[in-house]
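This is query-v4.pdb (PDB, C-alpha atoms).
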```
ATOM      1  CA  MET A   1     125.778  22.596-118.140
ATOM      2  CA  ILE A   2     127.417  25.292-120.249
ATOM      3  CA  ILE A   3     127.889  28.789-118.772
ATOM      4  CA  GLU A   4     129.497  31.703-120.606
ATOM      5  CA  GLN A   5     129.893  35.072-118.850
ATOM      6  CA  ILE A   6     130.154  38.097-121.187
ATOM      7  CA  THR A   7     130.478  41.792-120.342
ATOM      8  CA  VAL A   8     128.174  43.838-122.584
ATOM      9  CA  GLY A   9     126.838  47.370-122.999
ATOM     10  CA  ASP A  10     128.064  50.764-121.854
ATOM     11  CA  MET A  11     127.232  49.927-118.233
ATOM     12  CA  ASP A  12     129.298  46.717-118.214
ATOM     13  CA  VAL A  13     126.442  44.326-117.572
ATOM     14  CA  PHE A  14     127.236  40.644-117.184
ATOM     15  CA  CYS A  15     125.270  38.714-119.804
ATOM     16  CA  TYR A  16     125.192  34.944-119.457
ATOM     17  CA  ILE A  17     124.707  32.224-122.023
ATOM     18  CA  ILE A  18     123.530  29.036-120.336
ATOM     19  CA  ALA A  19     122.881  25.806-122.194
ATOM     20  CA  CYS A  20     122.237  22.097-121.929
ATOM     21  CA  GLU A  21     125.342  20.243-123.047
ATOM     22  CA  GLU A  22     123.346  17.333-124.415
ATOM     23  CA  THR A  23     120.636  19.115-126.429
ATOM     24  CA  ARG A  24     122.552  22.394-127.113
ATOM     25  CA  GLU A  25     119.423  24.374-126.213
ATOM     26  CA  ALA A  26     120.425  27.752-124.752
ATOM     27  CA  ALA A  27     119.139  30.845-122.961
ATOM     28  CA  ALA A  28     120.650  34.325-122.725
ATOM     29  CA  ILE A  29     120.341  36.181-119.419
ATOM     30  CA  ASP A  30     120.266  39.997-119.618
ATOM     31  CA  PRO A  31     121.621  40.516-123.154
ATOM     32  CA  ALA A  32     122.169  44.244-122.785
ATOM     33  CA  GLY A  33     124.020  45.919-125.602
ATOM     34  CA  GLY A  34     123.953  47.307-129.073
ATOM     35  CA  GLU A  35     124.618  45.664-132.399
ATOM     36  CA  ASP A  36     128.259  44.839-131.684
ATOM     37  CA  ASP A  37     127.411  43.145-128.381
ATOM     38  CA  ILE A  38     124.539  41.179-129.884
ATOM     39  CA  GLU A  39     126.808  40.089-132.727
ATOM     40  CA  ARG A  40     129.296  38.789-130.146
ATOM     41  CA  ILE A  41     126.522  36.784-128.498
ATOM     42  CA  ILE A  42     125.373  35.354-131.820
ATOM     43  CA  ASP A  43     128.951  34.479-132.760
ATOM     44  CA  LEU A  44     129.396  32.667-129.448
ATOM     45  CA  LEU A  45     126.196  30.710-129.999
ATOM     46  CA  GLY A  46     127.509  29.658-133.402
ATOM     47  CA  GLU A  47     130.929  28.703-132.048
ATOM     48  CA  LYS A  48     129.342  26.503-129.388
ATOM     49  CA  ASN A  49     126.682  25.093-131.752
ATOM     50  CA  LEU A  50     123.881  26.350-129.509
ATOM     51  CA  HIS A  51     120.252  27.129-130.331
ATOM     52  CA  LEU A  52     118.840  30.092-128.385
ATOM     53  CA  SER A  53     115.320  29.405-127.094
ATOM     54  CA  TYR A  54     114.911  32.065-124.388
ATOM     55  CA  ILE A  55     116.040  35.557-123.441
ATOM     56  CA  LEU A  56     115.706  35.866-119.658
ATOM     57  CA  ASN A  57     115.657  39.215-117.863
ATOM     58  CA  THR A  58     116.501  39.358-114.163
ATOM     59  CA  HIS A  59     114.656  42.695-114.031
ATOM     60  CA  GLY A  60     113.306  45.404-116.288
ATOM     61  CA  HIS A  61     115.928  48.169-116.131
ATOM     62  CA  ALA A  62     116.908  49.171-119.653
ATOM     63  CA  ASP A  63     120.619  48.565-119.078
ATOM     64  CA  HIS A  64     119.739  44.859-118.774
ATOM     65  CA  THR A  65     117.060  44.608-121.455
ATOM     66  CA  TYR A  66     117.885  46.871-124.369
ATOM     67  CA  GLY A  67     119.394  44.047-126.407
ATOM     68  CA  ASN A  68     116.225  41.954-126.138
ATOM     69  CA  GLN A  69     114.555  43.013-129.337
ATOM     70  CA  LEU A  70     117.586  42.716-131.609
ATOM     71  CA  LEU A  71     118.657  39.340-130.227
ATOM     72  CA  ALA A  72     115.102  37.999-130.436
ATOM     73  CA  SER A  73     114.744  39.175-134.023
ATOM     74  CA  ARG A  74     118.010  37.467-134.987
ATOM     75  CA  THR A  75     117.357  34.167-133.223
ATOM     76  CA  GLY A  76     113.609  33.717-132.759
ATOM     77  CA  ALA A  77     114.106  33.350-128.993
ATOM     78  CA  LYS A  78     111.225  34.131-126.624
ATOM     79  CA  THR A  79     111.699  36.944-124.092
ATOM     80  CA  VAL A  80     110.923  36.253-120.425
ATOM     81  CA  MET A  81     110.416  38.594-117.427
ATOM     82  CA  HIS A  82     108.475  38.752-114.176
ATOM     83  CA  GLU A  83     105.010  40.174-114.762
ATOM     84  CA  LEU A  84     105.495  43.095-112.323
ATOM     85  CA  ASP A  85     108.520  44.442-114.167
ATOM     86  CA  ASP A  86     106.958  43.762-117.547
ATOM     87  CA  ASP A  87     104.089  46.021-116.472
ATOM     88  CA  LEU A  88     106.274  48.695-114.860
ATOM     89  CA  PHE A  89     108.962  49.031-117.506
ATOM     90  CA  THR A  90     106.660  49.264-120.502
ATOM     91  CA  THR A  91     105.022  52.448-119.162
ATOM     92  CA  GLU A  92     105.628  55.842-120.723
ATOM     93  CA  GLU A  93     107.546  56.953-117.624
ATOM     94  CA  ALA A  94     109.924  54.009-117.947
ATOM     95  CA  ARG A  95     110.389  54.662-121.651
ATOM     96  CA  LEU A  96     111.424  58.252-120.955
ATOM     97  CA  TRP A  97     113.754  57.131-118.141
ATOM     98  CA  ALA A  98     115.502  54.692-120.464
ATOM     99  CA  GLN A  99     115.868  57.267-123.204
ATOM    100  CA  ALA A 100     117.392  59.714-120.718
ATOM    101  CA  PHE A 101     120.241  57.212-120.357
ATOM    102  CA  GLY A 102     120.506  56.851-124.120
ATOM    103  CA  LEU A 103     118.918  53.390-124.110
ATOM    104  CA  ASN A 104     116.018  51.923-126.047
ATOM    105  CA  PRO A 105     113.411  50.359-123.750
ATOM    106  CA  ALA A 106     112.461  46.771-124.471
ATOM    107  CA  PRO A 107     108.925  45.969-125.653
ATOM    108  CA  PRO A 108     106.604  43.707-123.617
ATOM    109  CA  VAL A 109     107.976  40.196-123.250
ATOM    110  CA  ASP A 110     106.598  36.995-124.737
ATOM    111  CA  ILE A 111     106.461  35.017-121.486
ATOM    112  CA  ARG A 112     105.502  36.594-118.142
ATOM    113  CA  ILE A 113     106.562  34.625-115.082
ATOM    114  CA  THR A 114     105.930  34.761-111.335
ATOM    115  CA  ASP A 115     107.685  33.331-108.279
ATOM    116  CA  SER A 116     108.741  29.671-108.555
ATOM    117  CA  ASP A 117     107.788  29.364-112.222
ATOM    118  CA  ARG A 118     109.976  27.000-114.210
ATOM    119  CA  LEU A 119     111.088  26.505-117.778
ATOM    120  CA  ASN A 120     112.778  23.494-119.322
ATOM    121  CA  LEU A 121     115.993  24.093-121.206
ATOM    122  CA  GLY A 122     116.911  20.790-122.753
ATOM    123  CA  LYS A 123     117.610  18.510-119.784
ATOM    124  CA  LEU A 124     118.000  21.517-117.461
ATOM    125  CA  THR A 125     115.318  23.167-115.321
ATOM    126  CA  ILE A 126     115.287  26.945-114.926
ATOM    127  CA  GLU A 127     113.598  28.189-111.731
ATOM    128  CA  PHE A 128     112.700  31.837-111.167
ATOM    129  CA  ILE A 129     112.993  33.137-107.604
ATOM    130  CA  HIS A 130     111.155  36.428-107.066
ATOM    131  CA  THR A 131     113.473  38.777-105.151
ATOM    132  CA  PRO A 132     111.893  42.239-105.137
ATOM    133  CA  GLY A 133     113.788  45.238-103.813
ATOM    134  CA  HIS A 134     115.983  46.463-106.653
ATOM    135  CA  THR A 135     112.792  46.481-108.706
ATOM    136  CA  PRO A 136     109.322  45.108-107.873
ATOM    137  CA  GLY A 137     109.698  42.218-110.304
ATOM    138  CA  ALA A 138     113.373  41.378-109.872
ATOM    139  CA  VAL A 139     114.169  37.678-110.005
ATOM    140  CA  CYS A 140     117.145  35.429-109.501
ATOM    141  CA  VAL A 141     117.507  32.546-111.932
ATOM    142  CA  LEU A 142     118.437  29.161-110.436
ATOM    143  CA  VAL A 143     119.800  26.391-112.645
ATOM    144  CA  GLU A 144     121.264  23.391-110.820
ATOM    145  CA  ASN A 145     123.561  25.009-108.220
ATOM    146  CA  ASN A 146     124.066  28.200-110.228
ATOM    147  CA  LEU A 147     122.240  31.369-109.185
ATOM    148  CA  PHE A 148     122.145  34.289-111.611
ATOM    149  CA  THR A 149     121.343  37.196-109.329
ATOM    150  CA  GLY A 150     121.057  40.202-111.651
ATOM    151  CA  ASP A 151     121.159  43.364-109.541
ATOM    152  CA  THR A 152     119.736  41.734-106.422
ATOM    153  CA  LEU A 153     123.034  40.423-105.045
ATOM    154  CA  PHE A 154     126.551  41.337-106.126
ATOM    155  CA  VAL A 155     129.895  40.011-104.939
ATOM    156  CA  GLY A 156     130.274  41.936-101.698
ATOM    157  CA  ALA A 157     127.299  44.227-102.254
ATOM    158  CA  VAL A 158     123.626  44.465-103.249
ATOM    159  CA  GLY A 159     121.740  46.393-105.905
ATOM    160  CA  ARG A 160     120.804  50.047-105.561
ATOM    161  CA  THR A 161     117.309  50.852-104.320
ATOM    162  CA  ASP A 162     117.028  54.580-105.002
ATOM    163  CA  LEU A 163     115.288  54.185-108.381
ATOM    164  CA  PRO A 164     111.487  53.970-108.854
ATOM    165  CA  GLY A 165     110.083  50.815-107.272
ATOM    166  CA  GLY A 166     113.203  50.165-105.189
ATOM    167  CA  SER A 167     113.294  49.420-101.460
ATOM    168  CA  MET A 168     116.327  48.456 -99.379
ATOM    169  CA  GLU A 169     114.110  46.914 -96.688
ATOM    170  CA  THR A 170     112.392  44.755 -99.303
ATOM    171  CA  LEU A 171     115.694  43.821-100.959
ATOM    172  CA  LEU A 172     117.282  42.658 -97.718
ATOM    173  CA  LYS A 173     114.144  40.686 -96.877
ATOM    174  CA  SER A 174     114.298  38.981-100.269
ATOM    175  CA  ILE A 175     117.922  37.995 -99.706
ATOM    176  CA  GLU A 176     117.172  36.751 -96.189
ATOM    177  CA  ASP A 177     114.086  34.738 -97.105
ATOM    178  CA  LYS A 178     114.870  33.527-100.608
ATOM    179  CA  LEU A 179     118.641  33.363-101.052
ATOM    180  CA  LEU A 180     120.317  32.672 -97.716
ATOM    181  CA  PRO A 181     118.511  29.305 -97.318
ATOM    182  CA  LEU A 182     120.213  28.036-100.495
ATOM    183  CA  PRO A 183     123.190  25.667-100.047
ATOM    184  CA  GLY A 184     126.512  27.297 -99.295
ATOM    185  CA  ASP A 185     128.090  25.908-102.463
ATOM    186  CA  THR A 186     125.522  27.679-104.664
ATOM    187  CA  ILE A 187     127.543  29.680-107.197
ATOM    188  CA  ILE A 188     126.642  33.368-107.427
ATOM    189  CA  TRP A 189     126.752  34.888-110.909
ATOM    190  CA  PRO A 190     126.061  38.645-110.482
ATOM    191  CA  GLY A 191     124.682  41.187-112.940
ATOM    192  CA  HIS A 192     127.758  43.460-112.804
ATOM    193  CA  ASP A 193     131.448  43.004-112.023
ATOM    194  CA  TYR A 194     131.429  45.170-108.895
ATOM    195  CA  GLY A 195     133.312  42.876-106.526
ATOM    196  CA  ASP A 196     136.828  41.568-106.034
ATOM    197  CA  GLN A 197     136.082  38.610-108.300
ATOM    198  CA  PRO A 198     133.477  37.943-111.017
ATOM    199  CA  THR A 199     131.684  35.113-109.180
ATOM    200  CA  SER A 200     131.187  33.996-105.594
ATOM    201  CA  THR A 201     129.351  31.415-103.514
ATOM    202  CA  MET A 202     126.506  31.761-101.082
ATOM    203  CA  ALA A 203     128.813  30.698 -98.230
ATOM    204  CA  ARG A 204     131.364  33.380 -99.119
ATOM    205  CA  GLU A 205     128.696  36.068 -99.295
ATOM    206  CA  LYS A 206     127.313  35.020 -95.890
ATOM    207  CA  ASP A 207     130.809  35.437 -94.452
ATOM    208  CA  THR A 208     131.988  38.580 -96.225
ATOM    209  CA  ASN A 209     129.152  40.619 -97.745
ATOM    210  CA  PRO A 210     128.542  43.505 -95.314
ATOM    211  CA  TYR A 211     124.893  43.859 -96.316
ATOM    212  CA  ILE A 212     124.372  40.267 -95.169
ATOM    213  CA  THR A 213     126.708  40.182 -92.166
ATOM    214  CA  ASP A 214     125.743  43.619 -90.790
ATOM    215  CA  PHE A 215     122.104  44.099 -91.782
ATOM    216  CA  ILE A 216     120.646  40.583 -91.977
ATOM    217  CA  LEU A 217     122.637  38.195 -89.796
ATOM    218  CA  ASP A 218     123.578  40.715 -87.100
ATOM    219  CA  GLN A 219     120.054  41.310 -85.788
TER     220      GLN A 219
END
```

Translate this structure into structure tokens?
Amino acid sequence: MIIEQITVGDMDVFCYIIACEETREAAAIDPAGGEDDIERIIDLLGEKNLHLSYILNTHGHADHTYGNQLLASRTGAKTVMHELDDDLFTTEEARLWAQAFGLNPAPPVDIRITDSDRLNLGKLTIEFIHTPGHTPGAVCVLVENNLFTGDTLFVGAVGRTDLPGGSMETLLKSIEDKLLPLPGDTIIWPGHDYGDQPTSTMAREKDTNPYITDFILDQ
């Protein structure tokens, strides 16, 4: 499996290129950014001889989605998001919120998914784990033992819940029910570089993340 971690956009979002080594079929996770960032992604795809089939969004916030349309138009890739966020973040209210931050909201996606849906990426299987809390339709993306957590789980922290549709209680419940049962060697690939290192493991987060140790495990 190929994994490339790229920092994009004004809000320093981690975009990921994941691909099947054998077939060279690829997906981009949260390709936030303007023309320069999208050009970097396209250049990387060319360097690695990869064909982009999917653009996956961990959630609908514009800082994670505003590169969708440009990247899709350049590559022909299909956009993918949980149906709840696809509904919420294509409303007029969401459009105005995005524009207030100087971002262009993404249009409705091509493929709407729900919990436990899967997509094939060459010889790889992509599984979507619905983890509401940061947004109603937030998902984590599981591929082999790699978990791309978006703004649900960071290294040493969790996503904010003070924006529309957010709930700390729901977020912690999602982490407890959906993520903590995963094997300890599951690699955590977060949506922002907010921790002391750019990746982690589920075991490390269980031991050191205060939102897990203090609010989930210490009950």

Using only C-alpha atoms, which residues sit within 7 Å of A:Ile6 once same-chain residues fewer than 2 positions away are excluded, as a ChimeraX atom specification?
-> /A:4,8,14-16

Please return, as a list in words, all polymer residues that have at least one atom within 7 Å of the point (120.8, 41.3, -112.1); use all atoms listed in the file and the file's own coordinate frame.
->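 Protein, DNA and RNA residues close to (120.8, 41.3, -112.1): Thr58, His59, Thr149, Gly150, Asp151, Thr152, Pro190 and Gly191 of chain A.
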
Radius query 6 Å about (126.4, 44.2, -108.1), atoms used: only C-alpha atoms, as a compact mmCIF listing (two decimals) with C-alpha atoms, in the frame of the given file:
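This is the output file selection.txt:
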```
# COMPACT_ATOMS: atom_id res chain seq x y z
CA ASP A 151 121.16 43.36 -109.54
CA LEU A 153 123.03 40.42 -105.04
CA PHE A 154 126.55 41.34 -106.13
CA ALA A 157 127.30 44.23 -102.25
CA VAL A 158 123.63 44.46 -103.25
CA GLY A 159 121.74 46.39 -105.90
CA GLY A 191 124.68 41.19 -112.94
CA HIS A 192 127.76 43.46 -112.80
CA TYR A 194 131.43 45.17 -108.90
```

Counting all atoms listed in the file, what is within 10 Å of A:Pro183, bar same-chain residues fewer than 2 positions away, as a ChimeraX atom specification?
-> /A:145,179-181,185-187,201-203

With C-alpha atoms retained, export the selected residues as an mmCIF file, keeping the file's coordinate frame.
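Dumped everything to again_11.cif:
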```cif
data_model
loop_
_atom_site.group_PDB
_atom_site.id
_atom_site.type_symbol
_atom_site.label_atom_id
_atom_site.label_comp_id
_atom_site.auth_asym_id
_atom_site.auth_seq_id
_atom_site.Cartn_x
_atom_site.Cartn_y
_atom_site.Cartn_z
ATOM 1 C CA ASN A 145 123.561 25.009 -108.220
ATOM 2 C CA LEU A 179 118.641 33.363 -101.052
ATOM 3 C CA LEU A 180 120.317 32.672 -97.716
ATOM 4 C CA PRO A 181 118.511 29.305 -97.318
ATOM 5 C CA ASP A 185 128.090 25.908 -102.463
ATOM 6 C CA THR A 186 125.522 27.679 -104.664
ATOM 7 C CA ILE A 187 127.543 29.680 -107.197
ATOM 8 C CA THR A 201 129.351 31.415 -103.514
ATOM 9 C CA MET A 202 126.506 31.761 -101.082
ATOM 10 C CA ALA A 203 128.813 30.698 -98.230
#
```

Report as a Markdown table: every residue of stretch 143-219 of chain A with an atom at most 8 Å from stretch 119-139 of chain A, its closest pair of atoms, and their distance in Å to one decimal, counting only C-alpha atoms, with rows sorted by chain and ascending residue number.
```
| residue | atom | partner | partner_atom | distance |
| --- | --- | --- | --- | --- |
| A:Val143 | CA | A:Ile126 | CA | 5.1 |
| A:Glu144 | CA | A:Thr125 | CA | 7.5 |
| A:Thr149 | CA | A:Val139 | CA | 7.2 |
| A:Gly150 | CA | A:Val139 | CA | 7.5 |
| A:Asp151 | CA | A:His134 | CA | 6.7 |
| A:Thr152 | CA | A:His134 | CA | 6.0 |
| A:Gly159 | CA | A:His134 | CA | 5.8 |
| A:Arg160 | CA | A:His134 | CA | 6.1 |
| A:Thr161 | CA | A:His134 | CA | 5.1 |
| A:Leu163 | CA | A:His134 | CA | 7.9 |
| A:Pro164 | CA | A:Thr135 | CA | 7.6 |
| A:Gly165 | CA | A:Thr135 | CA | 5.3 |
| A:Gly166 | CA | A:His134 | CA | 4.9 |
| A:Ser167 | CA | A:Gly133 | CA | 4.8 |
| A:Met168 | CA | A:Gly133 | CA | 6.0 |
| A:Glu169 | CA | A:Gly133 | CA | 7.3 |
| A:Thr170 | CA | A:Gly133 | CA | 4.7 |
| A:Leu171 | CA | A:Gly133 | CA | 3.7 |
| A:Leu172 | CA | A:Gly133 | CA | 7.5 |
| A:Ser174 | CA | A:Thr131 | CA | 5.0 |
| A:Ile175 | CA | A:Thr131 | CA | 7.1 |
| A:Lys178 | CA | A:Thr131 | CA | 7.1 |
```

Rounded to one decimal in Å, what is the spacing between atom CA of A:Glu25 and atom CA of A:Asn49?
->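 The value is 9.2 Å.
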
Using the chain letters and residue numbers of this document, give as a ChimeraX atom specification the residues selected by the PyMOL selection byres ((chain A and resi 26) around 9).
-> /A:2,17-20,23-25,27-28,45,50-54,121-122

Work out how far apart atom CA of A:Leu147 and atom CA of A:Ala94 are and give it in Å to one decimal.
->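 Straight-line distance from atom CA of A:Leu147 to atom CA of A:Ala94 works out to 27.2 Å.
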
Best match for closeness to A:Cys140 among A:Ile42, A:Met11, A:Met81, A:Leu217, counting all atoms listed in the file |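 The shortest atom-to-atom distance to A:Cys140 comes from A:Met81.
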
Return as a list in words the set of residues that the PyMOL selection byres ((chain A and resi 68) around 8) yields on the displayed structure.
->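 Selected by the PyMOL selection byres ((chain A and resi 68) around 8) here: Asp30, Pro31, Ala32, Ile55, Thr65, Tyr66, Gly67, Gln69, Leu70, Leu71, Ala72, Thr79 and Ala106 of chain A.
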